[in-house]
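Only one structure is covered here, and it is reproduced in the block below.
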There are 2 protein chains.
Amino acid sequence: MSLAAVASHQTPARAASLPPGREAIAAVTQALAARFGNRLVTSLAVRQQHGHTLTWIPNQPPDAVVFPDSTEEVADIVKLCAEHGVPVIAFGTGTSLEGHVNAPYGGVCIDMAQMKRVIAVHGEDLDCVVQPGVTRKELNEHLRDQGLMFPIDPGADASIGGMAATRASGTNAVRYGTMKDNVLALTAVMADGSIVKTSTRARKTSAGYDLTRLLVGSEGTLGVITEITLKLHGIPEAISAGVCPFPSVQAACDATILTIQTGLPVARIELLDDVMIRGVNQYSKLSLPETTMLFVEFHGSEAGVKEQAERFGEIARDCGGGDFDWATKAEDRSRLWQARHDVYWAARALRPGAESVATDVCVPISRLAECVEETKRDIEASGLIAPIAGHVGDGNFHTQPLVDLADPDEVERAQGFVDRLVKRALAMGGTCTGEHGVGQKKMKYLELEHGAEALAVMATLKRALDPQNILNPGKIVAL
Amino acid sequence: MSLAAVASHQTPARAASLPPGREAIAAVTQALAARFGNRLVTSLAVRQQHGHTLTWIPNQPPDAVVFPDSTEEVADIVKLCAEHGVPVIAFGTGTSLEGHVNAPYGGVCIDMAQMKRVIAVHGEDLDCVVQPGVTRKELNEHLRDQGLMFPIDPGADASIGGMAATRASGTNAVRYGTMKDNVLALTAVMADGSIVKTSTRARKTSAGYDLTRLLVGSEGTLGVITEITLKLHGIPEAISAGVCPFPSVQAACDATILTIQTGLPVARIELLDDVMIRGVNQYSKLSLPETTMLFVEFHGSEAGVKEQAERFGEIARDCGGGDFDWATKAEDRSRLWQARHDVYWAARALRPGAESVATDVCVPISRLAECVEETKRDIEASGLIAPIAGHVGDGNFHTQPLVDLADPDEVERAQGFVDRLVKRALAMGGTCTGEHGVGQKKMKYLELEHGAEALAVMATLKRALDPQNILNPGKIVAL
């Protein structure tokens with residue numbers, strides 16, 4: 001341990017002065033280059049690729065990008081940065097949408113691209129242990145032969161570490177939960193470089209504070225996740241999927257509420273609005289009716305999914321839905337869900353050349369139709385193109401304004417729209433983000449959502465666990 | 001705000017000197033008596049009733065017991081205690097089993113018995129908001145007419161506040177999860193008397209640190225829970241239940257693993273060992289074969305539970321199980337599950353006069369049979385009577401040594417047995433408690449389970465959120 005590190009244990013740590021000075025950056029970069037060789041990259045192109053937001057916030061690149069291959073290497077990097085008061089930003093695949101990996105104070109980006117090992121799969125226990133750089137598709141590829149799956153699916157082929165850090169969820173969450181429900185334990189490097197294992201492989205525990213859930217969704221601001229133990233599920237014996245048109249958002253939401261209330265174990269229930277369907281038809285060469293649609297999927301036994309599909313059909317009809325188009329064949333199902341997964345690109349196809357500034361909110365399901373319909377009126381009044389897709393079983397929906405970022409007036413209109421969207425969701429008892437996370441873009445809404453007292457508790461936690469404020473500073477809570 | 005309170009905000013708070021002096025206790029008791037009248041009780045009998053452990057740890061009564069009826073009253077009590085450095089112990093029904101409500105440093109016990117309001121039930125959203133003193137049976141009574149249920153069932157008719165505080169679970173957890181999965185949001189009074197709302201009624205959120213899960217399972221050491229928003233479920237259309245004898249613990253565990261791996265959505269799967277069945281037969285006047293038994297229950301549609309029951313029957317037979325005895329009639333099912341619920345009393349019936357010192361551990365399910373069988377051999381070698389019951393779908397089991405607490409040798413043997421049990425579970429990758437919690441009894445195992453680094457993080461969180469150490473001191477982490 002260096003003298004500087006010893007000193008920092010002897011006196012209470014203070015917040016680093018951010019951004020760090022050139023000397024601190026030079027010292028850290030030099031030490032990392034000596035240790036990591038060509039696994040330390042400082043070219044502008046690579047740095048810019050690692051600092052981005054997929055929002056209107058400008059690119060703020062880190063000072064260097066390093067590619068460790070073990071927890072111990074991550075711990076050494078964090079210790080070195082702590083000694084010099086230099087920020088540390090953990091990076092998975094860079095698919096987060098609200099400005100999570102931008103580096104407003106510079107610092108060292110830890111790219112997990114080389115930490116891609118599936119360390120263990122325990123079939124009898126339905127769990128596995130992975131490094132953070134493994135993506136969800138890579139994991140499912142690895143698991144398939146054993147009849148197992150990891151169901152959390154945020155759309156992008158995100159890394160498991162990033163998904164844990166942002167508390168991701170997606171289309172299967174209505175049945176299988178979010179990352180909060182599917183992470184059993186984490187290994188994380190804390191701000192002082194100590195390595196913490198948050199829990200065991202036991203399916204449940206009451207042994208002390210829930211460090212797992214404290215780190216899940218903390219967006220790299222409380223610790224750097226270096227290993228994840230995940231719950232797995234057996235691949236269902238049978239899957240049935242289908243699409244159903246509805247005359248209105250309200251009718252589709254009514255059908256969703258009844259489905260959930262009836263206890264039908266729907267695995268996915270996704271709403272796409274008429275605008276999004278137009279994009280899907282263009283992009284995925286489909287000919288779906290251009291109205292509100294529900295995409296649904298059931299998992300279970302052959303008889304089970306058949307019964308569930310029939311019941312859903314009855315519910316949909318009762319709510320004014322049109323003909324249900326079932327696809328039990330794997331290839332039809334794949335085509336359908338591929339189209340659903342491609343909505344990000346389908347939306348972009350509606351206005352080629354424009355940037356997509358996707359965002360999400362989540363409300364109690366009883367308010368969902370109202371929230372979506374008000375939002376659609378707002379989009380029209382704002383003169384924006386902003387298709388909507390929702391994980392409606394959870395009351396969660398996305399809208400994806402397509403914006404010319406070079407046009408300040410349009411950016412302002414888009415910002416005003418997102419601001420009203422968030423405030424509308426909060427006024428309905430919802431949250432400013434159901435699954436994207438806070439990043440840089442949603443920080444300003446946390447006090448409105450949680451109140452000053454709860455936000456003060458979050459700031460207290462951040463200060464206690466990262467007194468220097470070096471872990472992904474400028475995200476979630478400002479210190 | 002009093003002068004003392006202002007001062008405590010100006011200078012960093014220091015740990016109170018525990019136990020507080022007589023003057024501090026007198027000042028607090030006097031102020032509470034003036035404010036709460038006969039809702040403040042200081043009689044020894046009532047104090048002793050509020051300080052107990054259901055273990056071999058002696059009764060350590062609080063100095064006073066107060067019965068608030070609102071969040072604001074709780075906040076005022078906590079503020080008063082904070083001013084004087086007096087401990088605060090939250091109390092639900094007192095059914096926790098590891099020494100959670102004992103008051104080793106005295107202080108004020110906050111009994112939630114008058115905070116019993118079901119504040120709201122939102123049928124469309126499948127959630128409700130309750131005060132902490134509502135018990136799970138009271139809540140289910142309240143919900144039944146609306147076709148709704150709250151499934152978490154730890155056996156005892158515990159309070160919802162206590163269940164949240166201990167991260168309780170029980171027989172239904174294999175299907176419906178634990179309190180961690182079923183609490184959507186909490187209102188809590190923090191150590192400085194501030195009132196925090198941890199989240200909204202949205203089904204999922206990524207909006208900042210997960211304060212809900214930080215408080216769930218914190219056993220009153222980080223905040224006093226005063227309101228809980230819970231997920232609800234529709235009462236299933238059909239329920240089927242049954243019992244099946246097995247030639248060994250291994251055979252019963254094999255059947256359990258296969259059931260879970262197959263994806264059969266079992267709602268309950270409970271193991272009772274031969275000794276426990278003997279107690280059940282005596283206490284509940286049944287004539288079950290005195291061997292390892294599985295009690296199982298399925299929830300779903302009529303056709304669904306029939307199919308699931310048949311599949312389970314096949315699995316059980318393949319694993320060497322005996323004839324499956326199905327009870328689809330409500331009264332038969334009630335009798336069966338009443339017997340399962342009464343195992344605490346059934347166990348006590350095996351040795352009238354002895355005290356029960358129940359405890360639990362949880363291991364990865366692949367190690368469960370080995371862990372239970374080694375534990376049974378240990379019980380025999382120790383000369384103890386200690387029946388076993390397990391929520392085996394989660395790898396969680398209880399053993400209930402029946403001990404003459406007046407016999408030091410026997411107490412020592414029981415302590416040695418529990419010590420070996422915990423270390424056995426930890427060595428198998430498990431946890432020292434799956435659902436009971438830490439309380440006083442399991443504190444010494446947290447470092448062994450989590451490591452010094454993770455325990456240091458827990459202590460950092462405790463110090464940050466309760467710098468005076470007045471919230472249920474002497475539980476979970478020692479400061």
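Going by the structure tokens order, chains are called A, B, ..., each with residues numbered from 1, while ligands are numbered from 1 in the order shown.
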Members of region 231-464 of chain A assigned strand (DSSP E) by DSSP, as number ranges by chain:
A: 231, 233-234, 238-246, 266-272, 292-300, 325-327, 355-356, 359-362, 388-391, 396-399, 402-403
Would you write out those residues with C-alpha atoms, as a CSV table (one decimal), in the first residue's frame?
chain,number,residue,atom,x,y,z
A,231,LYS,CA,-30.7,-16.6,-11.1
A,233,HIS,CA,-34.7,-20.3,-15.4
A,234,GLY,CA,-35.4,-23.5,-17.4
A,238,ALA,CA,-43.7,-24.3,-24.8
A,239,ILE,CA,-43.9,-20.7,-25.8
A,240,SER,CA,-46.8,-19.1,-27.6
A,241,ALA,CA,-46.8,-15.5,-28.9
A,242,GLY,CA,-49.2,-13.3,-30.8
A,243,VAL,CA,-50.2,-9.8,-31.7
A,244,CYS,CA,-53.6,-8.1,-31.3
A,245,PRO,CA,-54.8,-4.7,-32.5
A,246,PHE,CA,-56.8,-2.4,-30.3
A,266,VAL,CA,-48.0,-13.6,-19.2
A,267,ALA,CA,-44.2,-13.6,-19.9
A,268,ARG,CA,-44.3,-10.5,-22.1
A,269,ILE,CA,-47.1,-7.9,-22.8
A,270,GLU,CA,-45.8,-5.0,-24.9
A,271,LEU,CA,-47.7,-2.0,-26.3
A,272,LEU,CA,-46.7,-0.3,-29.5
A,292,THR,CA,-52.3,0.4,-31.0
A,293,MET,CA,-51.0,-3.2,-30.8
A,294,LEU,CA,-50.2,-5.6,-28.0
A,295,PHE,CA,-47.5,-8.1,-28.5
A,296,VAL,CA,-47.9,-11.0,-25.9
A,297,GLU,CA,-46.0,-14.1,-25.1
A,298,PHE,CA,-46.8,-17.0,-22.8
A,299,HIS,CA,-44.3,-19.6,-21.3
A,300,GLY,CA,-45.3,-22.9,-19.8
A,325,ASP,CA,-52.8,-13.5,-34.5
A,326,TRP,CA,-51.0,-16.4,-32.8
A,327,ALA,CA,-47.6,-17.6,-33.8
A,355,GLU,CA,-31.0,11.6,-33.5
A,356,SER,CA,-33.0,9.4,-31.1
A,359,THR,CA,-36.5,8.0,-22.4
A,360,ASP,CA,-38.8,6.1,-20.1
A,361,VAL,CA,-41.2,6.6,-17.2
A,362,CYS,CA,-43.3,4.1,-15.2
A,388,ILE,CA,-44.1,4.9,-28.0
A,389,ALA,CA,-43.4,1.4,-26.9
A,390,GLY,CA,-44.3,0.1,-23.5
A,391,HIS,CA,-43.7,-2.8,-21.1
A,396,ASN,CA,-43.6,1.3,-18.0
A,397,PHE,CA,-43.3,3.0,-21.3
A,398,HIS,CA,-40.7,4.5,-23.6
A,399,THR,CA,-40.9,7.4,-26.0
A,402,LEU,CA,-36.4,11.9,-33.1
A,403,VAL,CA,-34.6,15.2,-32.9
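The environment of region 39-54 of chain B within 7 Å, counting only C-alpha atoms and disregarding residues fewer than 6 places along the same chain, consists of Leu32, Ala33, Gln60, Pro61, Pro62, Asp63, Ala64, Val65, Val66, Phe67, Gly94, Leu97, Glu98, Gly99, His100, Val101, Asn102, Ala103 and Val357 of chain B.
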Give the alpha helix (DSSP H) residues of region 67-204 of chain A, as assigned by DSSP on the backbone, as a tab-separated table (two decimals) with C-alpha atoms, in the first residue's frame.
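The result, written out as states.tsv:
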chain	number	residue	atom	x	y	z
A	71	THR	CA	-11.33	-8.19	-10.09
A	72	GLU	CA	-7.84	-7.69	-8.68
A	73	GLU	CA	-6.82	-5.54	-11.62
A	74	VAL	CA	-9.95	-3.43	-11.18
A	75	ALA	CA	-9.10	-3.04	-7.49
A	76	ASP	CA	-5.60	-1.87	-8.37
A	77	ILE	CA	-6.96	0.68	-10.86
A	78	VAL	CA	-9.45	2.04	-8.32
A	79	LYS	CA	-6.77	2.24	-5.61
A	80	LEU	CA	-4.48	4.16	-7.93
A	81	CYS	CA	-7.26	6.57	-8.92
A	82	ALA	CA	-8.24	7.00	-5.25
A	83	GLU	CA	-4.67	7.95	-4.36
A	84	HIS	CA	-4.76	10.71	-6.96
A	136	ARG	CA	-27.03	-11.22	-22.20
A	137	LYS	CA	-27.00	-12.87	-25.63
A	138	GLU	CA	-23.57	-14.40	-25.03
A	139	LEU	CA	-24.83	-15.77	-21.72
A	140	ASN	CA	-27.95	-17.26	-23.28
A	141	GLU	CA	-25.85	-18.79	-26.05
A	142	HIS	CA	-23.68	-20.38	-23.36
A	143	LEU	CA	-26.70	-21.66	-21.39
A	160	ILE	CA	-24.59	-8.16	-17.48
A	161	GLY	CA	-22.50	-5.74	-15.41
A	162	GLY	CA	-24.14	-2.73	-17.03
A	163	MET	CA	-27.58	-4.28	-16.64
A	164	ALA	CA	-26.94	-4.80	-12.92
A	165	ALA	CA	-25.57	-1.28	-12.55
A	166	THR	CA	-28.64	0.34	-14.13
A	173	ALA	CA	-39.90	-8.27	-16.43
A	174	VAL	CA	-43.65	-8.68	-15.95
A	175	ARG	CA	-43.02	-12.38	-15.35
A	176	TYR	CA	-39.35	-12.72	-14.36
A	179	MET	CA	-32.17	-7.16	-12.36
A	180	LYS	CA	-33.00	-6.38	-8.73
A	181	ASP	CA	-34.89	-9.68	-8.59
A	182	ASN	CA	-32.40	-11.76	-10.58
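When only C-alpha atoms are used to measure the gap to chain A, the shortest distance among B:Gly217, B:Pro20, B:Gly322, B:Gly193 belongs to B:Gly217.
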I'd like the neighbourhood of Thr221 (chain B) as number ranges by chain, where a residue qualifies if any of its atoms comes within 7 Å (using only C-alpha atoms), though same-chain residues fewer than 2 positions away should be ignored.
B: 218-219, 223, 471-473
So that I can check the surroundings of Ala354 (chain A), please list as number ranges by chain every protein, DNA and RNA residue that reaches within 10 Å of it, counting only C-alpha atoms and ignoring chain neighbours fewer than 5 positions away.
A: 348-349, 401-406
Would you list the contacts of His341 (chain A) as a VMD selection string, taking every protein, DNA or RNA residue within 10 Å and counting only C-alpha atoms, but skipping same-chain residues closer than 2 positions in sequence?
chain A and resid 153 to 156 171 280 335 to 339 343 to 346
Restricting it to N, CA and C atoms, dump the selection as a PDB file, in the first residue's frame.
ATOM      1  N   ASP A 153     -34.171  -8.920 -20.494  1.00  0.00           N
ATOM      2  CA  ASP A 153     -33.966  -8.569 -21.892  1.00  0.00           C
ATOM      3  C   ASP A 153     -34.330  -7.100 -22.128  1.00  0.00           C
ATOM      4  N   PRO A 154     -33.340  -6.222 -21.997  1.00  0.00           N
ATOM      5  CA  PRO A 154     -33.640  -4.798 -22.169  1.00  0.00           C
ATOM      6  C   PRO A 154     -33.648  -4.361 -23.631  1.00  0.00           C
ATOM      7  N   GLY A 155     -33.561  -5.292 -24.573  1.00  0.00           N
ATOM      8  CA  GLY A 155     -33.545  -4.906 -25.986  1.00  0.00           C
ATOM      9  C   GLY A 155     -32.128  -4.956 -26.512  1.00  0.00           C
ATOM     10  N   ALA A 156     -31.312  -3.988 -26.140  1.00  0.00           N
ATOM     11  CA  ALA A 156     -29.911  -3.990 -26.557  1.00  0.00           C
ATOM     12  C   ALA A 156     -29.207  -5.228 -26.002  1.00  0.00           C
ATOM     13  N   THR A 171     -38.582  -6.552 -21.652  1.00  0.00           N
ATOM     14  CA  THR A 171     -39.849  -7.177 -22.028  1.00  0.00           C
ATOM     15  C   THR A 171     -40.296  -8.310 -21.104  1.00  0.00           C
ATOM     16  N   VAL A 280     -42.288   0.133 -37.510  1.00  0.00           N
ATOM     17  CA  VAL A 280     -42.029  -1.313 -37.533  1.00  0.00           C
ATOM     18  C   VAL A 280     -42.363  -1.889 -38.914  1.00  0.00           C
ATOM     19  N   ARG A 335     -39.640 -13.773 -35.734  1.00  0.00           N
ATOM     20  CA  ARG A 335     -39.823 -12.646 -36.638  1.00  0.00           C
ATOM     21  C   ARG A 335     -40.554 -11.516 -35.897  1.00  0.00           C
ATOM     22  N   LEU A 336     -41.609 -11.915 -35.180  1.00  0.00           N
ATOM     23  CA  LEU A 336     -42.435 -10.961 -34.440  1.00  0.00           C
ATOM     24  C   LEU A 336     -41.603 -10.248 -33.383  1.00  0.00           C
ATOM     25  N   TRP A 337     -40.887 -11.044 -32.580  1.00  0.00           N
ATOM     26  CA  TRP A 337     -40.144 -10.428 -31.472  1.00  0.00           C
ATOM     27  C   TRP A 337     -38.893  -9.714 -31.961  1.00  0.00           C
ATOM     28  N   GLN A 338     -38.372 -10.184 -33.109  1.00  0.00           N
ATOM     29  CA  GLN A 338     -37.263  -9.434 -33.687  1.00  0.00           C
ATOM     30  C   GLN A 338     -37.749  -8.031 -34.050  1.00  0.00           C
ATOM     31  N   ALA A 339     -38.957  -7.977 -34.616  1.00  0.00           N
ATOM     32  CA  ALA A 339     -39.533  -6.668 -34.961  1.00  0.00           C
ATOM     33  C   ALA A 339     -39.722  -5.824 -33.699  1.00  0.00           C
ATOM     34  N   VAL A 343     -37.454  -1.996 -32.434  1.00  0.00           N
ATOM     35  CA  VAL A 343     -38.211  -0.732 -32.458  1.00  0.00           C
ATOM     36  C   VAL A 343     -37.293   0.484 -32.389  1.00  0.00           C
ATOM     37  N   TYR A 344     -36.147   0.329 -31.711  1.00  0.00           N
ATOM     38  CA  TYR A 344     -35.229   1.474 -31.651  1.00  0.00           C
ATOM     39  C   TYR A 344     -34.857   1.908 -33.073  1.00  0.00           C
ATOM     40  N   TRP A 345     -34.527   0.906 -33.901  1.00  0.00           N
ATOM     41  CA  TRP A 345     -34.139   1.208 -35.287  1.00  0.00           C
ATOM     42  C   TRP A 345     -35.359   1.547 -36.127  1.00  0.00           C
ATOM     43  N   ALA A 346     -36.477   0.881 -35.847  1.00  0.00           N
ATOM     44  CA  ALA A 346     -37.713   1.163 -36.578  1.00  0.00           C
ATOM     45  C   ALA A 346     -38.122   2.618 -36.360  1.00  0.00           C
TER      46      ALA A 346
END
Closest of B:Ala381, B:Ala369, B:Met190, B:Ile277 to chain A - atom-to-atom distances counting only C-alpha atoms
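Residue with the minimum atom-to-atom distance to chain A: B:Met190.
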Nearest residue to chain B out of A:Gly85, A:Pro247, A:Gly437, A:Pro68, using only C-alpha atoms?
A:Gly437
May I have the residues within 8 Å of Leu479 (chain B) as a count of residues only, using only C-alpha atoms and disregarding those fewer than 2 positions away in the same chain?
4
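Considering only C-alpha atoms, the residue among B:Ala168, B:Ala303, B:Leu286, B:Leu126 positioned nearest to Ala207 (chain A) is B:Ala168.
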Nearest to chain A: which of B:His122, B:Arg377, B:Arg278, B:Arg317 is it, counting only C-alpha atoms?
B:His122
